There are 2 protein chains.
Amino acid sequence: MATIKDVARAAGVSVATVSRVYNGSARVREDTREHVRQVATDLGYSPNGAARSLITSRSHTIGVLLPDLYGEFFSEVIRGIDLAAHRGKYHLLLSSARHEGPELEAALRSMRGRVDGLIVMSPELDAGAARRSLPENFPVILLNTPANDAAYGSMAVQNFEGARAMVSHLAGLGHRRIALIRGAERNFDAAERLRGYRAGLDAAGITPDPALEYAGDFSEESGHAAAGAMLRRSERPTAVFAANDCMAIGALSAFREAGLRVPQDIALGGFDDIPMGRYMEPALTSVHVDTSALGERATMRLLDALQDGTPRDLRRETLPTTLVVRRSCGAHSG
Amino acid sequence: MATIKDVARAAGVSVATVSRVYNGSARVREDTREHVRQVATDLGYSPNGAARSLITSRSHTIGVLLPDLYGEFFSEVIRGIDLAAHRGKYHLLLSSARHEGPELEAALRSMRGRVDGLIVMSPELDAGAARRSLPENFPVILLNTPANDAAYGSMAVQNFEGARAMVSHLAGLGHRRIALIRGAERNFDAAERLRGYRAGLDAAGITPDPALEYAGDFSEESGHAAAGAMLRRSERPTAVFAANDCMAIGALSAFREAGLRVPQDIALGGFDDIPMGRYMEPALTSVHVDTSALGERATMRLLDALQDGTPRDLRRETLPTTLVVRRSCGAHSG
DNA sequence: TTGTAAGCGTTATCAG
DNA sequence: CTGATAACGCTTACAA
């Protein structure tokens with residue numbers, strides 16, 4: 001591969017001149033510029049990014065650490081991130097893994113020197129320790145992370161309010177036995193949605209019943225399993241709130257297999273409002289989250305922080321959620 | 001940020017020793033190793049990736065160039081790529097854009113020196129020129145690209161066979177007026193699926209009618225529009241094959257808005273078998289493509305090629321497709 | 001406008 | 001087993 005030296009030699013100029021041609025900045029005489037360009041393309045030269053970012057200490061790349069890449073939620077987040085990054089002419093260095101403890105450190109280590117900033121989705125409730133391994137004074141935006149982490153800028157979603165609104169809505173339809181399929185253990189969003197669920201019941205004058213809080217982990221299978229467990233009870237709930245849409249989908253298929261009609265026999269609501277929800281039968285009532293905006297905003301903030309001279313952005317930005325009523329909750333089906 | 005020099009100084013050793021500790025390879029006395037490690041973590045040191053890859057000329061990263069990040073198809077491809085990359089301890093440098101001509105060159109340029117190999121999805125029929133800007137003798141796997149490109153290894157799916165099977169199936173159900181919603185103009189997959197559509201009609205003794213081939217671009221909106229156009233005809237088709245599932249979904253909602261029942265009034269089939277399809281009402285008959293395997297296989301091949309000593313892998317690997325019959329085509333609904 | 005030369009933070013090659 | 005030191009490919013004062 002041709003280097004800057006090869007080009008300089010072939011063009012009969014110094015490497016500095018070639019460099020200047022590529023950085024546009026400094027002035028180079030028009031004809032030398034053209035000549036260099038010509039020689040460079042002939043040789044198939046393009047600057048080596050590693051060398052460049054070594055000297056400039058800028059990579060024009062942002063690192064993205066996600067716990068997973070599966071499902072519409074994450075792909076929407078990435079799309080949002082990509083949107084904003086592309087707009088700002090930044091690249092994305094992607095790493096997906098359960099970023100706890102050593103894993104996180106390893107991922108960060110390997111990104112050292114290759115990224116100008118980081119977007120980290122770390123929804124673990126007790127990830128404080130892991131988070132300590134994030135470099136100090138390095139631009140980071142945390143996604144869906146507990147609020148008590150004042151050391152970094154962060155983005156969150158109105159989990160509590162959204163969940164409460166959903167439960168209030170179900171209660172308003174006359175349901176009293178409203179079950180919850182919980183999100184992943186030790187997950188921040190899941191914990192908040194649980195709080196919202198209980199608050200919603202409270203507001204409706206319903207005493208929360210621990211037996212109606214089913215375990216789940218945000219996966220379709222866990223939703224399916226939880227729904228199965230409900231059906232084996234003597235007195236099954238009349239409405240179910242799944243802490244995300246994937247689990248709602250799993251629950252729906254379990255109900256269907258059991259011969260239950262949704263919403264006539266049992267009402268169903270989800271959370272996230274992934275695109276798929278609107279096409280299901282019945283269409284899924286859910287709590288809408290502008291997922292791609294989550295990634296997009298995080299990236300925009302990070303890019304801002306990357307402008308030098310910008311003071312550290314330690315704010316917490318919360319995305320609103322809105323209840324989207326479709327047919328699965330029974331409000332529309334008469 | 002602490003550099004190797006800082007660590008060396010603080011530990012009272014040379015930079016060479018610190019380097020050796022981090023590369024594991026060479027022998028270092030146990031206690032010096034431990035000491036260095038200790039000092040390094042105290043200082044929060046981790047090696048600079050740019051410097052490292054500059055000297056080793058290896059980045060442990062593969063570049064991924066996709067035309068888009070929208071929808072389940074691409075997210076599945078990325079997930080497959082990530083799966084294999086993660087397994088091989090490689091990172092992903094992502095770039096999404098319409099990679100034609102100058103755009104492609106720019107993207108490649110910015111990846112120079114930062115990636116060890118490339119996965120490029122370039123389904124443009126006439127992208128030969130663009131592809132010439134791919135570096136020679138650089139490991140590349142092309143995704144969904146015309147076959148006539150013998151200069152690079154590539155992955156493809158059985159577009160032709162899948163489309164033909166779908167049309168044969170519809171014809172077998174008694175349909176004679178089978179419409180097609182075409183994929184994007186100048187797109188390789190789209191062209192192949194069109195060929196398959198015509199071949200399927202041929203095999204059933206039906207004369208292809210250009211008026212039944214509706215324009216589309218793989219987007220939901222274009223599917224919706226095409227369906228609308230069909231309904232405005234005096235004699236509408238009895239079955240529709242959309243060249244991908246997104247367009248099928250768009251068509252479905254157009255039919256529904258017009259008060260048509262699928263499959264009773266009009267049969268519908270798609271292509272790709274995205275996860276959403278199985279949850280729709282009616283569930284979507286489609287041509288199954290193992291999309292994540294597409295990305296995964298491409299990555300595995302690339303990683304293989306990255307082992308030095310491996311001869312250039314110029315093969316073309318084709319992923320099989322299978323017809324998945326669900327309710328939207330009417331075969332199951334009686 | 002152009003060239004010289006000093007790094008950027010590593011690893012690799014030699015000596016010791 | 002450890003230490004100097006020369007690269008790697010580039011940018012950027014500083015000189016000319």
# chains A, B, ... in the order shown; residues from 1 in each chain; ligands from 1
>>> closest_atom_pairs(of="chain D", to="chain B", cutoff="8 Å", atoms="only C-alpha atoms (C1' of nucleotides)", output="CSV")
residue,atom,partner,partner_atom,distance
D:DC1,C1',B:Val28,CA,6.1
D:DT2,C1',B:Thr17,CA,6.9
D:DG3,C1',B:Ser14,CA,6.2
D:DC8,C1',B:Ile55,CA,4.4
D:DG9,C1',B:Leu54,CA,7.5
>>> interface_residues(of="chain C", to="chain B", cutoff="9 Å", atoms="only C-alpha atoms (C1' of nucleotides)", output="list in words")
DC8, DG9, DT10 and DT11 of chain C
>>> interface_residues(of="chain B", to="chain A", cutoff="7 Å", atoms="only C-alpha atoms", output="PDB file with N, CA and C atoms, in the first residue's frame")
ATOM      1  N   SER B  46      -4.067   2.003  29.504  1.00  0.00           N
ATOM      2  CA  SER B  46      -4.303   0.915  28.555  1.00  0.00           C
ATOM      3  C   SER B  46      -3.720   1.332  27.223  1.00  0.00           C
ATOM      4  N   PRO B  47      -3.194   0.368  26.497  1.00  0.00           N
ATOM      5  CA  PRO B  47      -2.460   0.645  25.261  1.00  0.00           C
ATOM      6  C   PRO B  47      -3.287   1.419  24.250  1.00  0.00           C
ATOM      7  N   ASN B  48      -2.659   2.272  23.531  1.00  0.00           N
ATOM      8  CA  ASN B  48      -3.323   3.060  22.501  1.00  0.00           C
ATOM      9  C   ASN B  48      -3.457   2.251  21.210  1.00  0.00           C
ATOM     10  N   GLY B  49      -4.693   2.028  20.848  1.00  0.00           N
ATOM     11  CA  GLY B  49      -4.980   1.188  19.691  1.00  0.00           C
ATOM     12  C   GLY B  49      -4.398   1.718  18.397  1.00  0.00           C
ATOM     13  N   ALA B  50      -4.466   3.014  18.211  1.00  0.00           N
ATOM     14  CA  ALA B  50      -3.968   3.594  16.969  1.00  0.00           C
ATOM     15  C   ALA B  50      -2.469   3.322  16.820  1.00  0.00           C
ATOM     16  N   ALA B  51      -1.743   3.603  17.887  1.00  0.00           N
ATOM     17  CA  ALA B  51      -0.297   3.386  17.843  1.00  0.00           C
ATOM     18  C   ALA B  51       0.006   1.920  17.579  1.00  0.00           C
ATOM     19  N   SER B  53      -1.862  -0.393  16.110  1.00  0.00           N
ATOM     20  CA  SER B  53      -2.142  -0.903  14.774  1.00  0.00           C
ATOM     21  C   SER B  53      -1.249  -0.232  13.741  1.00  0.00           C
ATOM     22  N   LEU B  54      -0.708   0.903  14.105  1.00  0.00           N
ATOM     23  CA  LEU B  54       0.220   1.552  13.177  1.00  0.00           C
ATOM     24  C   LEU B  54       1.473   0.689  13.008  1.00  0.00           C
ATOM     25  N   LEU B  69     -29.451   1.256   7.274  1.00  0.00           N
ATOM     26  CA  LEU B  69     -29.547   0.514   8.541  1.00  0.00           C
ATOM     27  C   LEU B  69     -31.003   0.301   8.921  1.00  0.00           C
ATOM     28  N   TYR B  70     -31.874   0.596   7.999  1.00  0.00           N
ATOM     29  CA  TYR B  70     -33.281   0.612   8.352  1.00  0.00           C
ATOM     30  C   TYR B  70     -33.974  -0.732   8.122  1.00  0.00           C
ATOM     31  N   SER B  75     -30.728  -5.108  10.181  1.00  0.00           N
ATOM     32  CA  SER B  75     -30.337  -5.345  11.564  1.00  0.00           C
ATOM     33  C   SER B  75     -29.984  -6.812  11.766  1.00  0.00           C
ATOM     34  N   ARG B  79     -26.403  -8.218  12.935  1.00  0.00           N
ATOM     35  CA  ARG B  79     -26.328  -9.111  14.079  1.00  0.00           C
ATOM     36  C   ARG B  79     -25.480 -10.339  13.730  1.00  0.00           C
ATOM     37  N   HIS B  91     -13.471  -6.272  16.093  1.00  0.00           N
ATOM     38  CA  HIS B  91     -14.408  -5.179  16.245  1.00  0.00           C
ATOM     39  C   HIS B  91     -15.038  -4.838  14.909  1.00  0.00           C
ATOM     40  N   LEU B  92     -16.076  -4.019  15.010  1.00  0.00           N
ATOM     41  CA  LEU B  92     -16.810  -3.629  13.814  1.00  0.00           C
ATOM     42  C   LEU B  92     -16.755  -2.122  13.635  1.00  0.00           C
ATOM     43  N   LEU B  93     -16.306  -1.697  12.484  1.00  0.00           N
ATOM     44  CA  LEU B  93     -16.371  -0.279  12.151  1.00  0.00           C
ATOM     45  C   LEU B  93     -17.457  -0.130  11.105  1.00  0.00           C
ATOM     46  N   LEU B  94     -18.496   0.585  11.497  1.00  0.00           N
ATOM     47  CA  LEU B  94     -19.713   0.595  10.699  1.00  0.00           C
ATOM     48  C   LEU B  94     -19.826   1.867   9.879  1.00  0.00           C
ATOM     49  N   SER B  95     -20.277   1.707   8.655  1.00  0.00           N
ATOM     50  CA  SER B  95     -20.555   2.883   7.845  1.00  0.00           C
ATOM     51  C   SER B  95     -21.756   2.601   6.970  1.00  0.00           C
ATOM     52  N   ARG B 109     -11.751   5.376   2.087  1.00  0.00           N
ATOM     53  CA  ARG B 109     -10.614   6.210   2.453  1.00  0.00           C
ATOM     54  C   ARG B 109     -10.523   6.346   3.972  1.00  0.00           C
ATOM     55  N   SER B 110     -11.668   6.615   4.561  1.00  0.00           N
ATOM     56  CA  SER B 110     -11.635   6.867   5.992  1.00  0.00           C
ATOM     57  C   SER B 110     -11.427   5.587   6.798  1.00  0.00           C
ATOM     58  N   MET B 111     -11.515   4.463   6.126  1.00  0.00           N
ATOM     59  CA  MET B 111     -11.301   3.211   6.851  1.00  0.00           C
ATOM     60  C   MET B 111      -9.866   2.694   6.688  1.00  0.00           C
ATOM     61  N   ARG B 112      -9.177   3.264   5.735  1.00  0.00           N
ATOM     62  CA  ARG B 112      -7.791   2.895   5.469  1.00  0.00           C
ATOM     63  C   ARG B 112      -6.980   2.910   6.761  1.00  0.00           C
ATOM     64  N   GLY B 113      -6.368   1.792   7.065  1.00  0.00           N
ATOM     65  CA  GLY B 113      -5.500   1.748   8.233  1.00  0.00           C
ATOM     66  C   GLY B 113      -6.235   1.464   9.533  1.00  0.00           C
ATOM     67  N   ARG B 114      -7.565   1.442   9.448  1.00  0.00           N
ATOM     68  CA  ARG B 114      -8.323   1.185  10.664  1.00  0.00           C
ATOM     69  C   ARG B 114      -8.994  -0.165  10.631  1.00  0.00           C
ATOM     70  N   MET B 276     -40.952 -10.199  11.792  1.00  0.00           N
ATOM     71  CA  MET B 276     -42.277  -9.621  11.945  1.00  0.00           C
ATOM     72  C   MET B 276     -43.368 -10.407  11.222  1.00  0.00           C
ATOM     73  N   TYR B 279     -45.929 -12.691  12.841  1.00  0.00           N
ATOM     74  CA  TYR B 279     -46.871 -12.159  13.827  1.00  0.00           C
ATOM     75  C   TYR B 279     -47.979 -11.326  13.219  1.00  0.00           C
ATOM     76  N   MET B 280     -47.880 -11.114  11.918  1.00  0.00           N
ATOM     77  CA  MET B 280     -48.896 -10.295  11.283  1.00  0.00           C
ATOM     78  C   MET B 280     -50.201 -11.054  11.165  1.00  0.00           C
ATOM     79  N   GLU B 281     -51.234 -10.330  10.813  1.00  0.00           N
ATOM     80  CA  GLU B 281     -52.528 -10.951  10.582  1.00  0.00           C
ATOM     81  C   GLU B 281     -53.018 -10.541   9.216  1.00  0.00           C
TER      82      GLU B 281
END
>>> closest_atom_pairs(of="range 66-165 of chain B", to="range 312-323 of chain B", cutoff="12 Å", atoms="only C-alpha atoms", output="Markdown table")
| residue | atom | partner | partner_atom | distance |
| --- | --- | --- | --- | --- |
| B:Glu136 | CA | B:Arg312 | CA | 11.2 |
| B:Asn137 | CA | B:Arg312 | CA | 8.2 |
| B:Phe138 | CA | B:Arg312 | CA | 9.2 |
| B:Pro139 | CA | B:Arg312 | CA | 7.7 |
| B:Val140 | CA | B:Asp313 | CA | 8.9 |
| B:Ile141 | CA | B:Leu314 | CA | 8.5 |
| B:Leu142 | CA | B:Arg316 | CA | 9.1 |
| B:Leu143 | CA | B:Arg316 | CA | 9.8 |
| B:Asn144 | CA | B:Thr318 | CA | 9.4 |
| B:Thr145 | CA | B:Arg316 | CA | 9.9 |
| B:Pro146 | CA | B:Arg316 | CA | 10.2 |
| B:Ala147 | CA | B:Arg316 | CA | 7.6 |
| B:Asn148 | CA | B:Arg316 | CA | 10.1 |
| B:Asp149 | CA | B:Arg316 | CA | 9.5 |
| B:Ala150 | CA | B:Leu314 | CA | 6.9 |
| B:Ala151 | CA | B:Leu314 | CA | 6.7 |
| B:Tyr152 | CA | B:Leu314 | CA | 5.1 |
| B:Gly153 | CA | B:Leu314 | CA | 3.9 |
| B:Ser154 | CA | B:Arg316 | CA | 4.8 |
| B:Met155 | CA | B:Glu317 | CA | 4.8 |
| B:Ala156 | CA | B:Thr318 | CA | 4.7 |
| B:Val157 | CA | B:Leu319 | CA | 4.5 |
| B:Gln158 | CA | B:Pro320 | CA | 5.4 |
| B:Asn159 | CA | B:Thr321 | CA | 7.5 |
| B:Phe160 | CA | B:Thr321 | CA | 9.5 |
| B:Glu161 | CA | B:Thr321 | CA | 7.5 |
| B:Gly162 | CA | B:Thr321 | CA | 5.6 |
| B:Ala163 | CA | B:Leu323 | CA | 8.9 |
| B:Arg164 | CA | B:Leu323 | CA | 9.9 |
| B:Ala165 | CA | B:Leu323 | CA | 6.8 |
>>> select_by_dssp(residues="range 138-192 of chain B", states="alpha helix (DSSP H)", output="list in words")
Asn159, Phe160, Glu161, Gly162, Ala163, Arg164, Ala165, Met166, Val167, Ser168, His169, Leu170, Ala171, Gly172, Phe188, Asp189, Ala190, Ala191 and Glu192 of chain B
>>> atom_distance(atom1="CA of Ile119 in chain A", atom2="CA of Ala293 in chain A")
13.8 Å
>>> select_by_dssp(residues="range 60-128 of chain A", states="strand (DSSP E or B)", output="number ranges by chain")
A: 61-66, 91-96, 117-121, 124
>>> write_last_selection(atoms="C-alpha atoms", output="PDB file, in the first residue's frame")
ATOM      1  CA  THR A  61     -15.079   7.720  15.546  1.00  0.00           C
ATOM      2  CA  ILE A  62     -17.390   7.107  18.435  1.00  0.00           C
ATOM      3  CA  GLY A  63     -17.468   3.865  20.314  1.00  0.00           C
ATOM      4  CA  VAL A  64     -20.803   2.214  20.929  1.00  0.00           C
ATOM      5  CA  LEU A  65     -21.150  -0.358  23.672  1.00  0.00           C
ATOM      6  CA  LEU A  66     -24.435  -2.198  23.683  1.00  0.00           C
ATOM      7  CA  HIS A  91     -17.761   6.648  12.305  1.00  0.00           C
ATOM      8  CA  LEU A  92     -19.099   4.000  14.613  1.00  0.00           C
ATOM      9  CA  LEU A  93     -17.030   1.402  16.364  1.00  0.00           C
ATOM     10  CA  LEU A  94     -19.453  -1.174  17.610  1.00  0.00           C
ATOM     11  CA  SER A  95     -19.121  -3.593  20.450  1.00  0.00           C
ATOM     12  CA  SER A  96     -21.936  -5.682  21.759  1.00  0.00           C
ATOM     13  CA  GLY A 117     -16.076   9.387  22.743  1.00  0.00           C
ATOM     14  CA  LEU A 118     -18.327   6.641  23.984  1.00  0.00           C
ATOM     15  CA  ILE A 119     -21.978   5.783  24.077  1.00  0.00           C
ATOM     16  CA  VAL A 120     -22.567   3.095  26.620  1.00  0.00           C
ATOM     17  CA  MET A 121     -25.810   1.344  27.269  1.00  0.00           C
ATOM     18  CA  GLU A 124     -27.500  -2.863  35.117  1.00  0.00           C
TER      19      GLU A 124
END
>>> residues_around(residues="Asp245 in chain B", least_positions_apart="3", cutoff="6 Å", atoms="only C-alpha atoms (C1' of nucleotides)", output="PyMOL selection string")
chain B and resi 248+270-271
>>> write_last_selection(atoms="N, CA and C atoms", output="short mmCIF file (atom, residue, chain, number, x, y, z; two decimals), in the first residue's frame")
data_model
loop_
_atom_site.label_atom_id
_atom_site.label_comp_id
_atom_site.auth_asym_id
_atom_site.auth_seq_id
_atom_site.Cartn_x
_atom_site.Cartn_y
_atom_site.Cartn_z
N ALA B 248 -44.56 -6.02 1.19
CA ALA B 248 -45.76 -6.82 1.42
C ALA B 248 -46.58 -6.23 2.56
N GLY B 270 -44.43 -12.50 0.31
CA GLY B 270 -43.30 -11.59 0.39
C GLY B 270 -41.98 -12.31 0.19
N PHE B 271 -40.90 -11.66 0.58
CA PHE B 271 -39.57 -12.25 0.42
C PHE B 271 -38.68 -11.73 1.52
#
>>> atom_distance(atom1="CA of Gly228 in chain B", atom2="CA of Leu268 in chain B")
14.1 Å
>>> residues_around(residues="Ala242 in chain A", least_positions_apart="4", cutoff="12 Å", atoms="only C-alpha atoms (C1' of nucleotides)", output="compact mmCIF listing (two decimals) with N, CA and C atoms, in the first residue's frame")
# COMPACT_ATOMS: atom_id res chain seq x y z
N ALA A 163 -45.24 3.35 32.36
CA ALA A 163 -45.83 2.14 32.94
C ALA A 163 -47.07 2.49 33.74
N MET A 166 -49.98 3.14 31.49
CA MET A 166 -50.53 1.91 30.93
C MET A 166 -51.45 1.23 31.94
N VAL A 167 -50.99 1.12 33.16
CA VAL A 167 -51.78 0.43 34.18
C VAL A 167 -53.05 1.22 34.51
N ILE A 178 -54.69 -7.14 37.31
CA ILE A 178 -53.75 -6.78 36.24
C ILE A 178 -52.38 -7.36 36.55
N ALA A 179 -51.95 -8.27 35.71
CA ALA A 179 -50.65 -8.90 35.95
C ALA A 179 -49.53 -8.10 35.29
N LEU A 180 -48.33 -8.31 35.80
CA LEU A 180 -47.15 -7.70 35.19
C LEU A 180 -46.18 -8.80 34.78
N ILE A 181 -45.62 -8.67 33.60
CA ILE A 181 -44.48 -9.52 33.28
C ILE A 181 -43.26 -8.61 33.38
N ARG A 182 -42.45 -8.89 34.37
CA ARG A 182 -41.33 -8.01 34.68
C ARG A 182 -40.21 -8.10 33.66
N GLY A 183 -39.40 -7.05 33.62
CA GLY A 183 -38.22 -7.06 32.76
C GLY A 183 -37.07 -7.76 33.45
N ALA A 184 -35.92 -7.71 32.82
CA ALA A 184 -34.76 -8.44 33.34
C ALA A 184 -34.40 -8.02 34.76
N ALA A 190 -36.35 -1.99 33.79
CA ALA A 190 -37.30 -2.96 34.35
C ALA A 190 -37.75 -2.53 35.74
N ARG A 193 -40.15 0.38 35.49
CA ARG A 193 -41.47 0.00 34.98
C ARG A 193 -42.26 -0.74 36.05
N LEU A 194 -41.56 -1.48 36.87
CA LEU A 194 -42.21 -2.15 37.99
C LEU A 194 -42.78 -1.11 38.96
N TYR A 197 -45.82 0.34 37.46
CA TYR A 197 -46.93 -0.63 37.53
C TYR A 197 -47.62 -0.54 38.88
N LEU A 212 -49.07 -11.59 41.22
CA LEU A 212 -49.38 -11.19 39.84
C LEU A 212 -48.18 -10.57 39.13
N GLU A 213 -47.04 -10.55 39.82
CA GLU A 213 -45.83 -10.03 39.18
C GLU A 213 -44.97 -11.19 38.72
N TYR A 214 -45.02 -11.45 37.45
CA TYR A 214 -44.32 -12.61 36.90
C TYR A 214 -42.92 -12.25 36.44
N ALA A 215 -42.02 -13.18 36.59
CA ALA A 215 -40.63 -12.95 36.18
C ALA A 215 -40.52 -12.93 34.66
N GLY A 216 -39.57 -12.16 34.18
CA GLY A 216 -39.33 -12.09 32.74
C GLY A 216 -37.93 -11.52 32.53
N ASP A 217 -37.46 -11.54 31.30
CA ASP A 217 -36.12 -11.01 31.05
C ASP A 217 -36.09 -10.22 29.73
N PHE A 218 -37.24 -9.73 29.32
CA PHE A 218 -37.36 -8.94 28.09
C PHE A 218 -37.37 -9.80 26.83
N SER A 219 -37.18 -11.11 26.96
CA SER A 219 -37.17 -11.95 25.75
C SER A 219 -38.57 -12.48 25.46
N GLU A 220 -38.78 -12.80 24.22
CA GLU A 220 -40.06 -13.34 23.79
C GLU A 220 -40.38 -14.62 24.55
N SER A 222 -39.45 -15.55 27.48
CA SER A 222 -39.83 -15.33 28.88
C SER A 222 -41.26 -14.83 28.96
N GLY A 223 -41.69 -14.06 27.96
CA GLY A 223 -43.07 -13.60 27.93
C GLY A 223 -44.02 -14.77 27.75
N HIS A 224 -43.60 -15.67 26.89
CA HIS A 224 -44.39 -16.87 26.62
C HIS A 224 -44.53 -17.71 27.89
N ALA A 226 -44.15 -16.74 31.03
CA ALA A 226 -44.92 -16.05 32.06
C ALA A 226 -46.42 -16.20 31.79
N ALA A 227 -46.79 -16.04 30.52
CA ALA A 227 -48.19 -16.18 30.16
C ALA A 227 -48.68 -17.59 30.48
N CYS A 246 -41.51 -7.30 23.20
CA CYS A 246 -41.09 -8.67 22.89
C CYS A 246 -41.81 -9.67 23.78
N MET A 247 -41.85 -9.36 25.06
CA MET A 247 -42.53 -10.26 25.98
C MET A 247 -44.02 -10.28 25.73
N ALA A 248 -44.57 -9.13 25.34
CA ALA A 248 -45.99 -9.08 25.02
C ALA A 248 -46.29 -10.02 23.85
N ILE A 249 -45.38 -10.01 22.88
CA ILE A 249 -45.56 -10.87 21.71
C ILE A 249 -45.50 -12.34 22.13
N GLY A 250 -44.56 -12.65 22.99
CA GLY A 250 -44.46 -14.02 23.50
C GLY A 250 -45.72 -14.42 24.24
N ALA A 251 -46.22 -13.49 25.05
CA ALA A 251 -47.43 -13.78 25.82
C ALA A 251 -48.61 -13.99 24.88
N LEU A 252 -48.69 -13.14 23.87
CA LEU A 252 -49.79 -13.24 22.92
C LEU A 252 -49.85 -14.62 22.28
N ALA A 267 -56.79 -8.90 28.29
CA ALA A 267 -56.26 -7.69 27.67
C ALA A 267 -54.73 -7.68 27.78
N LEU A 268 -54.08 -6.99 26.83
CA LEU A 268 -52.62 -7.05 26.80
C LEU A 268 -52.03 -5.69 26.43
N GLY A 269 -50.98 -5.33 27.13
CA GLY A 269 -50.27 -4.10 26.80
C GLY A 269 -48.77 -4.34 26.88
N GLY A 270 -48.01 -3.60 26.09
CA GLY A 270 -46.55 -3.76 26.09
C GLY A 270 -45.85 -2.45 26.38
N PHE A 271 -44.58 -2.42 26.05
CA PHE A 271 -43.78 -1.22 26.29
C PHE A 271 -42.68 -1.15 25.25
N ASP A 272 -42.47 0.01 24.70
CA ASP A 272 -41.43 0.34 23.70
C ASP A 272 -42.06 0.74 22.38
N ASP A 273 -43.22 0.11 22.07
CA ASP A 273 -43.87 0.36 20.79
C ASP A 273 -42.92 0.13 19.62
N LEU A 284 -50.89 -4.12 18.90
CA LEU A 284 -50.49 -4.07 20.30
C LEU A 284 -50.57 -2.68 20.92
N THR A 285 -51.32 -2.59 21.97
CA THR A 285 -51.32 -1.38 22.78
C THR A 285 -49.98 -1.32 23.51
N SER A 286 -49.35 -0.16 23.49
CA SER A 286 -48.00 -0.11 24.06
C SER A 286 -47.67 1.29 24.56
N VAL A 287 -46.53 1.41 25.16
CA VAL A 287 -46.04 2.72 25.58
C VAL A 287 -44.98 3.13 24.58
N SER A 328 -55.19 -4.48 21.33
CA SER A 328 -54.90 -5.57 22.25
C SER A 328 -55.36 -5.33 23.68
N CYS A 329 -55.68 -4.08 24.01
CA CYS A 329 -56.11 -3.81 25.39
C CYS A 329 -57.63 -3.82 25.50
>>> atom_distance(atom1="C1' of DA4 in chain D", atom2="C1' of DA5 in chain C")
21.3 Å
